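**Student:** For reference, the file input.cif (mmCIF, N, CA and C atoms) is included below:
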```cif
data_model
#
loop_
_atom_site.label_atom_id
_atom_site.label_comp_id
_atom_site.auth_asym_id
_atom_site.auth_seq_id
_atom_site.Cartn_x
_atom_site.Cartn_y
_atom_site.Cartn_z
N MET A 42 10.57 -37.06 -21.74
CA MET A 42 10.94 -36.51 -23.03
C MET A 42 11.86 -37.51 -23.72
N SER A 43 11.57 -37.82 -24.98
CA SER A 43 12.39 -38.83 -25.61
C SER A 43 13.24 -38.29 -26.76
N THR A 44 12.76 -37.33 -27.53
CA THR A 44 13.57 -36.82 -28.64
C THR A 44 13.79 -35.32 -28.48
N LEU A 45 15.06 -34.95 -28.51
CA LEU A 45 15.46 -33.55 -28.41
C LEU A 45 16.13 -33.12 -29.70
N ARG A 46 16.00 -31.84 -30.03
CA ARG A 46 16.72 -31.26 -31.17
C ARG A 46 17.85 -30.41 -30.60
N LEU A 47 19.08 -30.67 -31.05
CA LEU A 47 20.24 -29.88 -30.67
C LEU A 47 20.59 -28.99 -31.85
N THR A 48 20.62 -27.69 -31.63
CA THR A 48 21.02 -26.73 -32.66
C THR A 48 22.25 -26.02 -32.11
N PHE A 49 23.31 -25.92 -32.92
CA PHE A 49 24.55 -25.37 -32.37
C PHE A 49 25.21 -24.38 -33.30
N LEU A 50 26.02 -23.52 -32.69
CA LEU A 50 26.90 -22.59 -33.39
C LEU A 50 28.24 -22.68 -32.68
N ALA A 51 29.28 -23.06 -33.41
CA ALA A 51 30.60 -23.25 -32.82
C ALA A 51 31.62 -22.42 -33.58
N TYR A 52 32.64 -21.95 -32.89
CA TYR A 52 33.68 -21.17 -33.54
C TYR A 52 35.04 -21.55 -32.97
N SER A 53 36.04 -21.52 -33.83
CA SER A 53 37.40 -21.83 -33.45
C SER A 53 38.21 -20.54 -33.48
N PHE A 54 38.87 -20.21 -32.38
CA PHE A 54 39.53 -18.92 -32.21
C PHE A 54 40.66 -18.63 -33.19
N PRO A 55 41.63 -19.52 -33.36
CA PRO A 55 42.82 -19.10 -34.10
C PRO A 55 42.60 -18.89 -35.59
N ASN A 56 41.50 -19.39 -36.14
CA ASN A 56 41.38 -19.33 -37.60
C ASN A 56 40.04 -18.80 -38.10
N ASN A 57 39.24 -18.20 -37.23
CA ASN A 57 37.95 -17.63 -37.62
C ASN A 57 37.04 -18.64 -38.31
N GLN A 58 37.10 -19.88 -37.89
CA GLN A 58 36.23 -20.93 -38.43
C GLN A 58 34.93 -20.95 -37.63
N VAL A 59 33.81 -21.03 -38.35
CA VAL A 59 32.49 -21.09 -37.71
C VAL A 59 31.74 -22.29 -38.27
N PHE A 60 31.06 -23.03 -37.40
CA PHE A 60 30.20 -24.14 -37.83
C PHE A 60 28.82 -23.93 -37.23
N SER A 61 27.81 -24.32 -37.99
CA SER A 61 26.46 -24.35 -37.45
C SER A 61 25.84 -25.67 -37.87
N GLY A 62 24.89 -26.12 -37.08
CA GLY A 62 24.25 -27.38 -37.43
C GLY A 62 23.18 -27.77 -36.43
N SER A 63 22.64 -28.95 -36.67
CA SER A 63 21.62 -29.49 -35.77
C SER A 63 21.61 -31.01 -35.89
N MET A 64 20.97 -31.64 -34.92
CA MET A 64 20.80 -33.09 -34.93
C MET A 64 19.70 -33.44 -33.96
N LEU A 65 19.21 -34.67 -34.05
CA LEU A 65 18.23 -35.18 -33.10
C LEU A 65 18.91 -36.09 -32.10
N TRP A 66 18.41 -36.09 -30.86
CA TRP A 66 18.95 -36.91 -29.78
C TRP A 66 17.79 -37.66 -29.15
N ASP A 67 17.76 -38.97 -29.33
CA ASP A 67 16.79 -39.82 -28.66
C ASP A 67 17.36 -40.16 -27.30
N THR A 68 16.80 -39.56 -26.26
CA THR A 68 17.36 -39.72 -24.92
C THR A 68 17.01 -41.07 -24.29
N ASN A 69 16.05 -41.78 -24.86
CA ASN A 69 15.73 -43.12 -24.33
C ASN A 69 16.78 -44.14 -24.75
N THR A 70 17.34 -43.96 -25.95
CA THR A 70 18.30 -44.93 -26.48
C THR A 70 19.71 -44.36 -26.64
N ASN A 71 19.92 -43.07 -26.28
CA ASN A 71 21.20 -42.40 -26.51
C ASN A 71 21.64 -42.53 -27.97
N THR A 72 20.71 -42.20 -28.86
CA THR A 72 20.97 -42.27 -30.29
C THR A 72 20.92 -40.87 -30.88
N LEU A 73 21.93 -40.52 -31.67
CA LEU A 73 21.95 -39.25 -32.40
C LEU A 73 21.67 -39.53 -33.86
N SER A 74 20.96 -38.60 -34.52
CA SER A 74 20.62 -38.81 -35.93
C SER A 74 20.39 -37.47 -36.62
N MET A 75 20.25 -37.53 -37.93
CA MET A 75 19.88 -36.41 -38.79
C MET A 75 20.77 -35.17 -38.61
N LEU A 76 22.08 -35.37 -38.65
CA LEU A 76 23.03 -34.26 -38.52
C LEU A 76 23.00 -33.39 -39.77
N THR A 77 22.91 -32.08 -39.55
CA THR A 77 23.18 -31.10 -40.59
C THR A 77 24.38 -30.29 -40.10
N LEU A 78 25.29 -29.94 -40.99
CA LEU A 78 26.50 -29.25 -40.59
C LEU A 78 26.96 -28.34 -41.72
N THR A 79 27.17 -27.08 -41.40
CA THR A 79 27.66 -26.10 -42.37
C THR A 79 28.85 -25.38 -41.76
N GLY A 80 29.90 -25.21 -42.56
CA GLY A 80 31.10 -24.52 -42.09
C GLY A 80 31.35 -23.25 -42.87
N TYR A 81 31.88 -22.26 -42.18
CA TYR A 81 32.27 -20.99 -42.79
C TYR A 81 33.71 -20.73 -42.36
N GLY A 82 34.63 -20.74 -43.31
CA GLY A 82 36.03 -20.55 -42.99
C GLY A 82 36.90 -21.49 -43.80
N PRO A 83 38.14 -21.65 -43.39
CA PRO A 83 39.09 -22.40 -44.20
C PRO A 83 38.93 -23.91 -44.20
N TYR A 84 38.15 -24.49 -43.28
CA TYR A 84 38.11 -25.95 -43.16
C TYR A 84 36.72 -26.50 -43.46
N HIS A 85 36.70 -27.66 -44.07
CA HIS A 85 35.45 -28.37 -44.36
C HIS A 85 35.37 -29.61 -43.48
N VAL A 86 34.21 -29.83 -42.87
CA VAL A 86 33.97 -31.03 -42.08
C VAL A 86 32.76 -31.73 -42.67
N ALA A 87 32.92 -33.01 -43.01
CA ALA A 87 31.82 -33.79 -43.57
C ALA A 87 30.73 -33.99 -42.51
N PRO A 88 29.45 -33.96 -42.89
CA PRO A 88 28.36 -34.15 -41.92
C PRO A 88 28.18 -35.62 -41.55
N VAL A 89 29.18 -36.16 -40.86
CA VAL A 89 29.19 -37.56 -40.44
C VAL A 89 29.34 -37.59 -38.92
N LEU A 90 28.48 -38.35 -38.25
CA LEU A 90 28.56 -38.48 -36.79
C LEU A 90 29.45 -39.64 -36.40
N GLY A 91 30.36 -39.41 -35.44
CA GLY A 91 31.11 -40.49 -34.83
C GLY A 91 30.35 -40.97 -33.60
N PRO A 92 30.76 -42.09 -33.01
CA PRO A 92 30.05 -42.61 -31.84
C PRO A 92 30.09 -41.63 -30.66
N PRO A 93 28.93 -41.23 -30.14
CA PRO A 93 28.91 -40.34 -28.98
C PRO A 93 29.14 -41.10 -27.68
N ARG A 94 29.49 -40.37 -26.63
CA ARG A 94 29.61 -40.95 -25.29
C ARG A 94 28.77 -40.13 -24.32
N PHE A 95 28.24 -40.83 -23.32
CA PHE A 95 27.36 -40.22 -22.33
C PHE A 95 27.82 -40.55 -20.93
N SER A 96 27.44 -39.70 -19.95
CA SER A 96 27.76 -39.96 -18.54
C SER A 96 27.11 -41.26 -18.10
N PRO A 97 27.80 -41.98 -17.22
CA PRO A 97 27.26 -43.26 -16.75
C PRO A 97 26.06 -43.08 -15.81
N PRO A 98 25.25 -44.12 -15.67
CA PRO A 98 24.13 -44.07 -14.74
C PRO A 98 24.61 -44.18 -13.29
N PRO A 99 23.68 -44.01 -12.31
CA PRO A 99 24.08 -44.14 -10.90
C PRO A 99 24.72 -45.50 -10.65
N PRO A 100 25.59 -45.68 -9.65
CA PRO A 100 25.87 -44.68 -8.63
C PRO A 100 26.58 -43.47 -9.22
N PRO A 101 26.51 -42.33 -8.51
CA PRO A 101 27.08 -41.10 -9.07
C PRO A 101 28.51 -41.31 -9.54
N PRO A 102 28.81 -40.73 -10.69
CA PRO A 102 30.19 -40.87 -11.19
C PRO A 102 31.17 -40.15 -10.27
N THR A 103 32.36 -40.66 -10.25
CA THR A 103 33.42 -40.01 -9.49
C THR A 103 34.35 -39.35 -10.49
N PRO A 104 35.14 -38.38 -10.06
CA PRO A 104 36.05 -37.73 -11.00
C PRO A 104 36.83 -38.77 -11.78
N PRO A 105 37.16 -38.54 -13.05
CA PRO A 105 37.16 -37.21 -13.65
C PRO A 105 35.83 -36.79 -14.27
N ASN A 106 34.81 -37.63 -14.35
CA ASN A 106 33.54 -37.23 -14.96
C ASN A 106 32.50 -36.99 -13.88
N PRO A 107 32.31 -35.74 -13.46
CA PRO A 107 31.38 -35.45 -12.37
C PRO A 107 29.95 -35.17 -12.84
N TYR A 108 29.66 -35.39 -14.11
CA TYR A 108 28.36 -35.00 -14.66
C TYR A 108 27.25 -35.98 -14.30
N PRO A 109 26.00 -35.48 -14.24
CA PRO A 109 24.86 -36.37 -13.98
C PRO A 109 24.71 -37.40 -15.09
N PRO A 110 24.03 -38.50 -14.81
CA PRO A 110 23.81 -39.54 -15.82
C PRO A 110 23.09 -38.99 -17.05
N GLY A 111 23.49 -39.50 -18.21
CA GLY A 111 22.82 -39.15 -19.46
C GLY A 111 23.35 -37.94 -20.18
N CYS A 112 24.33 -37.21 -19.60
CA CYS A 112 24.89 -36.03 -20.26
C CYS A 112 25.76 -36.46 -21.44
N LEU A 113 25.66 -35.73 -22.55
CA LEU A 113 26.53 -35.97 -23.70
C LEU A 113 27.91 -35.43 -23.35
N THR A 114 28.94 -36.29 -23.38
CA THR A 114 30.29 -35.88 -22.97
C THR A 114 31.31 -35.89 -24.10
N PHE A 115 31.00 -36.54 -25.23
CA PHE A 115 31.97 -36.65 -26.31
C PHE A 115 31.26 -36.91 -27.63
N LEU A 116 31.68 -36.20 -28.69
CA LEU A 116 31.12 -36.43 -30.02
C LEU A 116 32.08 -35.91 -31.07
N ASN A 117 32.42 -36.74 -32.05
CA ASN A 117 33.16 -36.31 -33.23
C ASN A 117 32.19 -36.14 -34.39
N MET A 118 32.40 -35.08 -35.15
CA MET A 118 31.67 -34.88 -36.39
C MET A 118 32.70 -34.76 -37.49
N GLY A 119 32.56 -35.54 -38.55
CA GLY A 119 33.52 -35.54 -39.63
C GLY A 119 34.02 -36.93 -39.91
N THR A 120 34.95 -37.04 -40.84
CA THR A 120 35.50 -38.32 -41.26
C THR A 120 36.87 -38.50 -40.64
N ALA A 121 37.10 -39.66 -40.02
CA ALA A 121 38.40 -39.94 -39.40
C ALA A 121 39.51 -39.75 -40.43
N GLY A 122 40.58 -39.10 -40.02
CA GLY A 122 41.72 -38.86 -40.90
C GLY A 122 41.58 -37.57 -41.70
N ALA A 123 40.43 -36.91 -41.59
CA ALA A 123 40.20 -35.62 -42.25
C ALA A 123 39.94 -34.58 -41.15
N THR A 124 39.56 -33.39 -41.52
CA THR A 124 39.23 -32.37 -40.53
C THR A 124 37.95 -32.76 -39.80
N GLU A 125 37.97 -32.64 -38.47
CA GLU A 125 36.83 -33.00 -37.65
C GLU A 125 36.48 -31.88 -36.68
N LEU A 126 35.21 -31.83 -36.32
CA LEU A 126 34.71 -30.95 -35.27
C LEU A 126 34.35 -31.85 -34.10
N GLN A 127 34.77 -31.46 -32.90
CA GLN A 127 34.60 -32.34 -31.76
C GLN A 127 34.05 -31.58 -30.55
N ILE A 128 33.14 -32.25 -29.84
CA ILE A 128 32.73 -31.82 -28.51
C ILE A 128 33.39 -32.81 -27.56
N ASN A 129 34.24 -32.30 -26.66
CA ASN A 129 34.97 -33.21 -25.77
C ASN A 129 35.14 -32.54 -24.41
N TYR A 130 34.24 -32.87 -23.49
CA TYR A 130 34.30 -32.28 -22.16
C TYR A 130 35.54 -32.73 -21.39
N ALA A 131 36.05 -33.91 -21.65
CA ALA A 131 37.24 -34.40 -20.94
C ALA A 131 38.46 -33.54 -21.27
N ASP A 132 38.60 -33.13 -22.55
CA ASP A 132 39.72 -32.26 -22.93
C ASP A 132 39.70 -30.96 -22.15
N HIS A 133 38.53 -30.56 -21.70
CA HIS A 133 38.39 -29.31 -20.96
C HIS A 133 38.20 -29.57 -19.46
N ARG A 134 38.60 -30.76 -19.03
CA ARG A 134 38.62 -31.16 -17.62
C ARG A 134 37.24 -31.08 -16.94
N TYR A 135 36.19 -31.27 -17.74
CA TYR A 135 34.82 -31.26 -17.22
C TYR A 135 34.50 -29.98 -16.45
N THR A 136 35.07 -28.85 -16.88
CA THR A 136 34.81 -27.58 -16.21
C THR A 136 33.63 -26.84 -16.82
N ASP A 137 33.15 -27.28 -17.97
CA ASP A 137 32.01 -26.63 -18.63
C ASP A 137 30.69 -27.17 -18.09
N GLN A 138 29.66 -26.36 -18.22
CA GLN A 138 28.31 -26.80 -17.87
C GLN A 138 27.98 -28.05 -18.68
N PRO A 139 27.48 -29.12 -18.04
CA PRO A 139 27.20 -30.35 -18.80
C PRO A 139 26.05 -30.18 -19.78
N LEU A 140 26.15 -30.86 -20.91
CA LEU A 140 25.09 -30.89 -21.92
C LEU A 140 24.10 -31.97 -21.49
N GLN A 141 23.06 -31.55 -20.79
CA GLN A 141 22.10 -32.48 -20.19
C GLN A 141 20.97 -32.82 -21.16
N PRO A 142 20.31 -33.94 -20.95
CA PRO A 142 19.22 -34.36 -21.83
C PRO A 142 17.91 -33.66 -21.48
N VAL A 143 17.96 -32.34 -21.33
CA VAL A 143 16.78 -31.53 -21.06
C VAL A 143 16.91 -30.22 -21.85
N PRO A 144 15.77 -29.63 -22.25
CA PRO A 144 15.84 -28.36 -22.98
C PRO A 144 16.59 -27.29 -22.19
N GLY A 145 17.33 -26.48 -22.92
CA GLY A 145 18.09 -25.40 -22.31
C GLY A 145 19.11 -24.85 -23.29
N ILE A 146 19.88 -23.89 -22.83
CA ILE A 146 20.96 -23.30 -23.63
C ILE A 146 22.26 -23.61 -22.92
N TYR A 147 23.19 -24.22 -23.65
CA TYR A 147 24.43 -24.70 -23.05
C TYR A 147 25.64 -24.12 -23.79
N SER A 148 26.66 -23.75 -23.03
CA SER A 148 27.96 -23.39 -23.59
C SER A 148 28.76 -24.68 -23.66
N ALA A 149 29.45 -24.92 -24.76
CA ALA A 149 30.14 -26.20 -24.92
C ALA A 149 31.53 -26.03 -25.52
N PRO A 150 32.43 -26.96 -25.17
CA PRO A 150 33.78 -26.94 -25.73
C PRO A 150 33.80 -27.63 -27.10
N PHE A 151 33.96 -26.86 -28.15
CA PHE A 151 34.11 -27.39 -29.51
C PHE A 151 35.56 -27.19 -29.93
N ASP A 152 36.15 -28.18 -30.57
CA ASP A 152 37.50 -28.05 -31.11
C ASP A 152 37.50 -28.53 -32.55
N VAL A 153 38.39 -27.95 -33.36
CA VAL A 153 38.61 -28.38 -34.74
C VAL A 153 39.98 -29.04 -34.77
N PHE A 154 40.08 -30.21 -35.39
CA PHE A 154 41.39 -30.85 -35.49
C PHE A 154 41.45 -31.67 -36.77
N GLY A 155 42.66 -32.03 -37.13
CA GLY A 155 42.86 -32.84 -38.32
C GLY A 155 44.32 -32.84 -38.72
N PRO A 156 44.65 -33.58 -39.80
CA PRO A 156 46.03 -33.67 -40.25
C PRO A 156 46.63 -32.28 -40.52
N GLY A 157 47.74 -32.00 -39.90
CA GLY A 157 48.43 -30.74 -40.11
C GLY A 157 47.85 -29.57 -39.33
N LEU A 158 46.75 -29.78 -38.62
CA LEU A 158 46.13 -28.68 -37.88
C LEU A 158 46.46 -28.70 -36.41
N GLY A 159 46.66 -29.89 -35.86
CA GLY A 159 46.72 -30.02 -34.42
C GLY A 159 45.31 -29.90 -33.88
N ASN A 160 45.18 -29.41 -32.66
CA ASN A 160 43.88 -29.24 -32.03
C ASN A 160 43.64 -27.75 -31.85
N LEU A 161 42.71 -27.18 -32.63
CA LEU A 161 42.40 -25.76 -32.56
C LEU A 161 41.23 -25.56 -31.61
N PRO A 162 41.45 -24.87 -30.49
CA PRO A 162 40.40 -24.74 -29.48
C PRO A 162 39.26 -23.86 -29.97
N GLY A 163 38.09 -24.13 -29.44
CA GLY A 163 36.92 -23.33 -29.78
C GLY A 163 35.87 -23.39 -28.70
N ARG A 164 34.79 -22.70 -28.94
CA ARG A 164 33.65 -22.66 -28.04
C ARG A 164 32.39 -22.71 -28.89
N GLY A 165 31.30 -22.93 -28.24
CA GLY A 165 30.05 -22.93 -28.97
C GLY A 165 28.86 -22.87 -28.04
N THR A 166 27.72 -22.64 -28.63
CA THR A 166 26.46 -22.63 -27.91
C THR A 166 25.56 -23.69 -28.51
N ILE A 167 24.94 -24.47 -27.65
CA ILE A 167 24.00 -25.50 -28.09
C ILE A 167 22.64 -25.19 -27.47
N VAL A 168 21.63 -25.08 -28.32
CA VAL A 168 20.26 -24.88 -27.85
C VAL A 168 19.54 -26.22 -27.97
N VAL A 169 19.02 -26.70 -26.86
CA VAL A 169 18.33 -27.99 -26.82
C VAL A 169 16.84 -27.73 -26.65
N THR A 170 16.05 -28.26 -27.57
CA THR A 170 14.60 -28.09 -27.52
C THR A 170 13.92 -29.44 -27.68
N ASP A 171 12.66 -29.50 -27.29
CA ASP A 171 11.85 -30.71 -27.46
C ASP A 171 11.53 -30.85 -28.94
N ALA A 172 11.86 -32.00 -29.52
CA ALA A 172 11.59 -32.23 -30.94
C ALA A 172 10.25 -32.92 -31.16
N GLY A 173 9.48 -33.11 -30.09
CA GLY A 173 8.19 -33.77 -30.22
C GLY A 173 8.35 -35.21 -30.63
N ASN A 174 7.55 -35.64 -31.56
CA ASN A 174 7.59 -37.02 -32.04
C ASN A 174 8.37 -37.10 -33.35
N ALA A 175 9.54 -36.50 -33.39
CA ALA A 175 10.35 -36.53 -34.60
C ALA A 175 10.70 -37.97 -34.96
N PRO A 176 10.71 -38.29 -36.25
CA PRO A 176 11.05 -39.65 -36.65
C PRO A 176 12.50 -39.97 -36.34
N ASN A 177 12.78 -41.22 -36.12
CA ASN A 177 14.14 -41.68 -35.88
C ASN A 177 14.50 -42.61 -37.03
N PRO A 178 15.01 -42.05 -38.14
CA PRO A 178 15.23 -42.85 -39.34
C PRO A 178 16.35 -43.86 -39.19
N PRO A 179 16.41 -44.84 -40.10
CA PRO A 179 17.50 -45.81 -40.07
C PRO A 179 18.85 -45.12 -40.26
N GLY A 180 19.90 -45.75 -39.81
CA GLY A 180 21.24 -45.21 -39.97
C GLY A 180 21.65 -44.34 -38.81
N ASN A 181 20.94 -44.40 -37.70
CA ASN A 181 21.29 -43.62 -36.52
C ASN A 181 22.55 -44.15 -35.88
N LEU A 182 23.16 -43.32 -35.05
CA LEU A 182 24.38 -43.72 -34.37
C LEU A 182 24.13 -43.78 -32.88
N LYS A 183 24.15 -44.98 -32.33
CA LYS A 183 23.90 -45.18 -30.91
C LYS A 183 25.19 -44.95 -30.14
N GLY A 184 25.05 -44.26 -29.01
CA GLY A 184 26.22 -43.92 -28.19
C GLY A 184 26.50 -44.95 -27.13
N THR A 185 27.62 -44.75 -26.45
CA THR A 185 28.01 -45.61 -25.34
C THR A 185 28.06 -44.78 -24.08
N VAL A 186 27.95 -45.44 -22.96
CA VAL A 186 28.05 -44.78 -21.66
C VAL A 186 29.45 -45.06 -21.13
N SER A 187 30.15 -43.99 -20.80
CA SER A 187 31.51 -44.15 -20.26
C SER A 187 31.85 -43.04 -19.30
#
```
Can I see the file as structure tokens?
**Tutor:**
Amino acid sequence: MSTLRLTFLAYSFPNNQVFSGSMLWDTNTNTLSMLTLTGYGPYHVAPVLGPPRFSPPPPPPTPPNPYPPGCLTFLNMGTAGATELQINYADHRYTDQPLQPVPGIYSAPFDVFGPGLGNLPGRGTIVVTDAGNAPNPPGNLKGTVS
């Protein structure tokens, strides 16, 4: 499988903020693209992808990242210096089910942060499906393995 569609719904507890969106994930190149993002609540996050990070390949990772190779472990959405939505498994000590490059339904740690906000904790659900032969347009954001 090479291209997956990630559809998500995230919410931040202290402020009743909800975000929904989707993006494509090319699992052959660890490239994310075509982000859509909508927010409901007091904060606006621009639909901009920051560089994602993925679990390293074998040999098996040792703590603190115990996830299998290829799992999405970090992603910022938004503009640096403004309000951002973040998936960050490290902030949650890798205790959540890993977001693997296979179809499924995943619970994920989403946080909202920005100037004057601090880090507002949240949760979310990500549904991963096969996107078939979806196009991979220019302007994609390739991730790093760490």
**Student:** Expanded to explicit residues, what is the PyMOL selection byres (((chain A and resi 45 and name CA) around 6) and name CA) for this file, as a VMD selection string?
**Tutor:** chain A and resid 44 46 65 to 66 170 to 172
**Student:** Interatomic distance between atom CA of A:Thr70 and atom N of A:Gly165?
**Tutor:**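 Calculated distance between atom CA of A:Thr70 and atom N of A:Gly165 is 25.6 Å.
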**Student:** Show me, as a VMD selection string, the residues that have an atom within 8 Å of A:Leu113 when counting all atoms listed in the file, minus same-chain residues fewer than 2 positions from it.
**Tutor:** chain A and resid 93 to 96 109 to 111 115 to 116 128 to 130 139 to 142
**Student:** Identify which of the residues A:Ser53, A:Ala149, A:Thr79, A:Tyr108 lies closest to A:Leu161, counting only C-alpha atoms when measuring atom-to-atom distances.
**Tutor:**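 Of A:Ser53, A:Ala149, A:Thr79, A:Tyr108, the one nearest A:Leu161 is A:Ser53, counting only C-alpha atoms.
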**Student:** If we count only C-alpha atoms, what is near stretch 167-169 of chain A at a cut-off of 8 Å, once residues fewer than 4 positions away on the same chain are taken out, given as a PyMOL selection string?
**Tutor:** chain A and resi 45-50+143-149
**Student:** Residue by residue, what does the PyMOL selection byres ((chain A and resi 117-122) around 6.5) grab here? Present the result as a PyMOL selection string.
**Tutor:** chain A and resi 86-93+115-116+123-128+155-156
**Student:** Please, what distance in Å, to one decimal, runs between atom CA of A:Asn71 and atom C of A:Thr114?
**Tutor:**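 We find that atom CA of A:Asn71 and atom C of A:Thr114 lie 12.3 Å from each other.
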**Student:** Can you pull out every residue within 6.5 Å of A:Pro162, counting all atoms listed in the file, but drop anything in the same chain fewer than 3 positions away, and send it as a PyMOL selection string?
**Tutor:** chain A and resi 52-55+151-153
**Student:** Next, the residues of the selection above should be written as a PDB file, keeping the file's coordinate frame with N, CA and C atoms.
**Tutor:**
```pdb
ATOM      1  N   TYR A  52      32.640 -21.950 -32.890  1.00  0.00           N
ATOM      2  CA  TYR A  52      33.680 -21.170 -33.540  1.00  0.00           C
ATOM      3  C   TYR A  52      35.040 -21.550 -32.970  1.00  0.00           C
ATOM      4  N   SER A  53      36.040 -21.520 -33.830  1.00  0.00           N
ATOM      5  CA  SER A  53      37.400 -21.830 -33.450  1.00  0.00           C
ATOM      6  C   SER A  53      38.210 -20.540 -33.480  1.00  0.00           C
ATOM      7  N   PHE A  54      38.870 -20.210 -32.380  1.00  0.00           N
ATOM      8  CA  PHE A  54      39.530 -18.920 -32.210  1.00  0.00           C
ATOM      9  C   PHE A  54      40.660 -18.630 -33.190  1.00  0.00           C
ATOM     10  N   PRO A  55      41.630 -19.520 -33.360  1.00  0.00           N
ATOM     11  CA  PRO A  55      42.820 -19.100 -34.100  1.00  0.00           C
ATOM     12  C   PRO A  55      42.600 -18.890 -35.590  1.00  0.00           C
ATOM     13  N   PHE A 151      33.960 -26.860 -28.150  1.00  0.00           N
ATOM     14  CA  PHE A 151      34.110 -27.390 -29.510  1.00  0.00           C
ATOM     15  C   PHE A 151      35.560 -27.190 -29.930  1.00  0.00           C
ATOM     16  N   ASP A 152      36.150 -28.180 -30.570  1.00  0.00           N
ATOM     17  CA  ASP A 152      37.500 -28.050 -31.110  1.00  0.00           C
ATOM     18  C   ASP A 152      37.500 -28.530 -32.550  1.00  0.00           C
ATOM     19  N   VAL A 153      38.390 -27.950 -33.360  1.00  0.00           N
ATOM     20  CA  VAL A 153      38.610 -28.380 -34.740  1.00  0.00           C
ATOM     21  C   VAL A 153      39.980 -29.040 -34.770  1.00  0.00           C
TER      22      VAL A 153
END
```
**Student:** Using the chain letters and numbers from this document, which residues of chain A does DSSP assign to strand (DSSP E), as JSON, numbers by chain?
**Tutor:** {"A": [44, 45, 46, 47, 48, 49, 50, 51, 52, 53, 58, 59, 60, 61, 62, 63, 64, 65, 66, 67, 72, 73, 74, 75, 76, 77, 78, 79, 80, 81, 94, 95, 113, 114, 115, 116, 117, 118, 119, 125, 126, 127, 128, 129, 145, 146, 147, 148, 149, 151, 152, 153, 154, 155, 159, 160, 161, 162, 163, 164, 165, 166, 167, 168, 169, 170, 171, 182, 183, 185, 186]}
**Student:** For A:Pro83, which residue among A:Thr166, A:Asp132, A:Val59, A:Gly159 is the nearest when counting all atoms listed in the file?
**Tutor:** A:Val59
**Student:** Going by the chain IDs and residue numbers used in this file, which residues fall under the PyMOL selection byres (((chain A and resi 78 and name CA) around 7) and name CA)? Write them as a list in words.
**Tutor:**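 On this input, the PyMOL selection byres (((chain A and resi 78 and name CA) around 7) and name CA) captures Phe60, Ser61, Gly62, Ser63, Leu76, Thr77, Thr79, Gly80 and Pro88 of chain A.
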**Student:** Which value, in Å to one decimal, gives the distance between atom CA of A:Gly173 and atom CA of A:Asp67?
**Tutor:**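 So the two atoms, atom CA of A:Gly173 and atom CA of A:Asp67, lie 10.6 Å apart.
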**Student:** Report as a PyMOL selection string: the residues of chain A with a DSSP assignment of helix (DSSP H, G or I), based on the backbone of this structure.
**Tutor:** chain A and resi 54-56+131-133
